Amino acid sequence: NVVSKQLIGVTYFRKMSSNSKHLDSLLDLGILPRVVEFLKPQHPSNLQLEAAKMVTNVAFGEIHHIKMLADLGVLESLITLVSADHPGVREQALWALGNIACESVQTRDMVIEANILGPLMWQLGLQSLSGRPDVTNPTLSSMRHVTWISQNLARGNPKPQVYLMKRIIFAMAEIIQSSNATLFGESCRALANIAEYGPDSIQAILEHGILSRMKEASEAMISSSQVVHHDSVGESKTLDEWDLNDSREPIIPNSKASCEILPKCGAEGSKKAL
């Protein structure tokens, strides 16, 4: 069975690529073009998933590794996979795109120019901003991925175009209503990145009525001694450390209200490996 052999091979190389010390020698074997090929729609989802995991590990490397991926057309393939039928493939594609976006302003803009915005909005069920007629039901895991990649898109100088900032603010204004503490914190972090761009960006955030919600949630967490600590600078996580299905989190009241304190965070994005 050719597909079975391909899956065994990609899985083997994916595991090797998780060790950055082996990455250059591994890529010297010339396997990357074949791995990127397995992202294409004609391949089965289990093969796409393993290929996307290896691409995520390569994107966890240095800027020249990301350039290798870009030269192979990986962005177009990953954007397509964000709308794949298999939820694991969709989320892994987002993971890889997030690693690419947070490397530098240049790679951030590469991801934006690959038209990531529509698929991101679709993942959140925001049909009006996705440009798609069909609707998806967002999961907790997919929403975590979207908020994380939004942080990496909304950072760096020069700032992204106004249309992107407005859509991210709109999306985060929806997510911040969640009773899930991680989603709340991650959306606050994305908004904090945007607020760093100055008065116009802060005003755009205020127009969505977010501040009282943030204040309410902060007071609730403090009163119950459930304070969420966030430190985004230089953050790197392995797959074991980043448990996307872990629901053991402090719960904050769900409300349509909004906050006065925008948490500050560094300009550097956070990359993840597996």
# chains A, B, ... in the order shown; residues from 1 in each chain; ligands from 1

call {"tool": "residues_around", "arguments": {"residues": "A:His64", "least_positions_apart": "5", "cutoff": "12 Å", "atoms": "only C-alpha atoms", "output": "list in words"}}
result
Leu23, Asp24, Leu27, Val58, Ala59, Leu69, Ala70, Asp71, Ile100, Glu103, Ser104 and Thr107 of chain A

call {"tool": "select_by_dssp", "arguments": {"residues": "stretch 17-179 of chain A", "states": "alpha helix (DSSP H)", "output": "number ranges by chain"}}
result
A: 17, 20-27, 32-37, 45-59, 63-71, 74-81, 87-101, 105-113, 117-123, 127-130, 140-153, 162-175

call {"tool": "residues_around", "arguments": {"residues": "stretch 182-194 of chain A", "least_positions_apart": "2", "cutoff": "7 Å", "atoms": "only C-alpha atoms", "output": "list of chain:residue names"}}
result
A:Arg144, A:Thr147, A:Trp148, A:Ser150, A:Gln151, A:Ala154, A:Arg155, A:Ile169, A:Met172, A:Ile175, A:Ile176, A:Ser178, A:Asn180, A:Glu196, A:Tyr197, A:Ser201, A:Leu262, A:Pro263, A:Lys264, A:Cys265

call {"tool": "write_last_selection", "arguments": {"atoms": "N, CA, C and O atoms", "output": "PDB file, in the first residue's frame"}}
result
ATOM      1  N   ARG A 144      -9.056  28.546  19.989  1.00  0.00           N
ATOM      2  CA  ARG A 144      -7.741  28.818  20.604  1.00  0.00           C
ATOM      3  C   ARG A 144      -6.688  29.071  19.521  1.00  0.00           C
ATOM      4  O   ARG A 144      -5.850  29.973  19.650  1.00  0.00           O
ATOM      5  N   THR A 147      -7.305  32.595  17.961  1.00  0.00           N
ATOM      6  CA  THR A 147      -6.877  33.706  18.802  1.00  0.00           C
ATOM      7  C   THR A 147      -5.359  33.794  18.863  1.00  0.00           C
ATOM      8  O   THR A 147      -4.785  34.887  18.853  1.00  0.00           O
ATOM      9  N   TRP A 148      -4.704  32.638  18.879  1.00  0.00           N
ATOM     10  CA  TRP A 148      -3.235  32.637  18.915  1.00  0.00           C
ATOM     11  C   TRP A 148      -2.646  33.219  17.640  1.00  0.00           C
ATOM     12  O   TRP A 148      -1.744  34.069  17.683  1.00  0.00           O
ATOM     13  N   SER A 150      -4.125  35.202  15.592  1.00  0.00           N
ATOM     14  CA  SER A 150      -4.517  36.613  15.509  1.00  0.00           C
ATOM     15  C   SER A 150      -3.522  37.486  16.256  1.00  0.00           C
ATOM     16  O   SER A 150      -3.213  38.608  15.831  1.00  0.00           O
ATOM     17  N   GLN A 151      -3.011  36.993  17.386  1.00  0.00           N
ATOM     18  CA  GLN A 151      -1.981  37.738  18.128  1.00  0.00           C
ATOM     19  C   GLN A 151      -0.760  37.985  17.249  1.00  0.00           C
ATOM     20  O   GLN A 151      -0.179  39.069  17.251  1.00  0.00           O
ATOM     21  N   ALA A 154      -1.441  40.590  14.505  1.00  0.00           N
ATOM     22  CA  ALA A 154      -1.670  41.952  14.994  1.00  0.00           C
ATOM     23  C   ALA A 154      -0.475  42.440  15.790  1.00  0.00           C
ATOM     24  O   ALA A 154      -0.592  42.833  16.955  1.00  0.00           O
ATOM     25  N   ARG A 155       0.685  42.419  15.209  1.00  0.00           N
ATOM     26  CA  ARG A 155       1.882  42.873  15.912  1.00  0.00           C
ATOM     27  C   ARG A 155       2.934  43.282  14.896  1.00  0.00           C
ATOM     28  O   ARG A 155       2.845  42.956  13.707  1.00  0.00           O
ATOM     29  N   ILE A 169     -10.254  42.829  15.496  1.00  0.00           N
ATOM     30  CA  ILE A 169     -10.935  43.425  16.653  1.00  0.00           C
ATOM     31  C   ILE A 169     -12.354  42.886  16.748  1.00  0.00           C
ATOM     32  O   ILE A 169     -12.826  42.520  17.833  1.00  0.00           O
ATOM     33  N   MET A 172     -12.148  39.271  17.994  1.00  0.00           N
ATOM     34  CA  MET A 172     -11.773  39.182  19.401  1.00  0.00           C
ATOM     35  C   MET A 172     -12.889  39.708  20.307  1.00  0.00           C
ATOM     36  O   MET A 172     -13.066  39.231  21.436  1.00  0.00           O
ATOM     37  N   ILE A 175     -15.017  36.705  20.781  1.00  0.00           N
ATOM     38  CA  ILE A 175     -14.397  35.659  21.594  1.00  0.00           C
ATOM     39  C   ILE A 175     -14.303  36.072  23.060  1.00  0.00           C
ATOM     40  O   ILE A 175     -14.410  35.239  23.962  1.00  0.00           O
ATOM     41  N   ILE A 176     -14.119  37.355  23.307  1.00  0.00           N
ATOM     42  CA  ILE A 176     -13.914  37.829  24.674  1.00  0.00           C
ATOM     43  C   ILE A 176     -15.158  37.638  25.540  1.00  0.00           C
ATOM     44  O   ILE A 176     -15.090  37.698  26.770  1.00  0.00           O
ATOM     45  N   SER A 178     -16.547  34.847  25.826  1.00  0.00           N
ATOM     46  CA  SER A 178     -16.507  33.453  26.249  1.00  0.00           C
ATOM     47  C   SER A 178     -16.306  33.332  27.760  1.00  0.00           C
ATOM     48  O   SER A 178     -15.642  34.154  28.388  1.00  0.00           O
ATOM     49  N   ASN A 180     -14.664  30.846  28.885  1.00  0.00           N
ATOM     50  CA  ASN A 180     -13.421  30.097  28.970  1.00  0.00           C
ATOM     51  C   ASN A 180     -12.265  31.059  29.235  1.00  0.00           C
ATOM     52  O   ASN A 180     -12.039  31.999  28.463  1.00  0.00           O
ATOM     53  N   GLU A 196      -1.253  48.709  21.054  1.00  0.00           N
ATOM     54  CA  GLU A 196       0.102  49.264  21.007  1.00  0.00           C
ATOM     55  C   GLU A 196       0.304  50.198  19.818  1.00  0.00           C
ATOM     56  O   GLU A 196       1.236  50.999  19.802  1.00  0.00           O
ATOM     57  N   TYR A 197      -0.584  50.119  18.821  1.00  0.00           N
ATOM     58  CA  TYR A 197      -0.405  50.946  17.635  1.00  0.00           C
ATOM     59  C   TYR A 197      -0.889  52.380  17.819  1.00  0.00           C
ATOM     60  O   TYR A 197      -0.765  53.195  16.913  1.00  0.00           O
ATOM     61  N   SER A 201      -6.068  52.938  17.031  1.00  0.00           N
ATOM     62  CA  SER A 201      -6.331  51.523  17.279  1.00  0.00           C
ATOM     63  C   SER A 201      -7.104  51.341  18.584  1.00  0.00           C
ATOM     64  O   SER A 201      -8.018  50.507  18.667  1.00  0.00           O
ATOM     65  N   LEU A 262      -5.940  47.231  29.572  1.00  0.00           N
ATOM     66  CA  LEU A 262      -5.433  46.429  28.464  1.00  0.00           C
ATOM     67  C   LEU A 262      -4.066  45.893  28.847  1.00  0.00           C
ATOM     68  O   LEU A 262      -3.132  46.666  29.044  1.00  0.00           O
ATOM     69  N   PRO A 263      -3.922  44.587  29.007  1.00  0.00           N
ATOM     70  CA  PRO A 263      -2.626  44.033  29.409  1.00  0.00           C
ATOM     71  C   PRO A 263      -1.574  44.273  28.348  1.00  0.00           C
ATOM     72  O   PRO A 263      -1.823  44.112  27.157  1.00  0.00           O
ATOM     73  N   LYS A 264      -0.406  44.678  28.764  1.00  0.00           N
ATOM     74  CA  LYS A 264       0.697  44.903  27.836  1.00  0.00           C
ATOM     75  C   LYS A 264       1.404  43.588  27.546  1.00  0.00           C
ATOM     76  O   LYS A 264       1.497  42.714  28.398  1.00  0.00           O
ATOM     77  N   CYS A 265       1.907  43.440  26.344  1.00  0.00           N
ATOM     78  CA  CYS A 265       2.748  42.273  26.048  1.00  0.00           C
ATOM     79  C   CYS A 265       3.776  42.681  25.020  1.00  0.00           C
ATOM     80  O   CYS A 265       3.637  43.701  24.350  1.00  0.00           O
TER      81      CYS A 265
END

call {"tool": "atom_distance", "arguments": {"atom1": "atom CA of A:Asn157", "atom2": "atom CA of A:Ala195"}}
result
12.9 Å

call {"tool": "atom_distance", "arguments": {"atom1": "atom CA of A:Pro41", "atom2": "atom CA of A:Ile112"}}
result
21.6 Å

call {"tool": "atom_distance", "arguments": {"atom1": "atom CA of A:Pro44", "atom2": "atom CA of A:Leu97"}}
result
20.4 Å

call {"tool": "closest_residue", "arguments": {"among": "A:Thr11, A:Leu211, A:Ile79, A:Met110", "to": "A:Glu91", "atoms": "only C-alpha atoms"}}
result
A:Ile79

call {"tool": "closest_residue", "arguments": {"among": "A:Gly118, A:Ser218, A:Pro87, A:Glu174", "to": "A:Asn137", "atoms": "only C-alpha atoms"}}
result
A:Pro87

call {"tool": "closest_residue", "arguments": {"among": "A:Tyr163, A:Leu153, A:Ser45, A:Thr80", "to": "A:Gly98", "atoms": "only C-alpha atoms"}}
result
A:Leu153

call {"tool": "closest_residue", "arguments": {"among": "A:Leu124, A:Gly198, A:Gly209, A:Gly156", "to": "A:Ala171", "atoms": "only C-alpha atoms"}}
result
A:Leu124
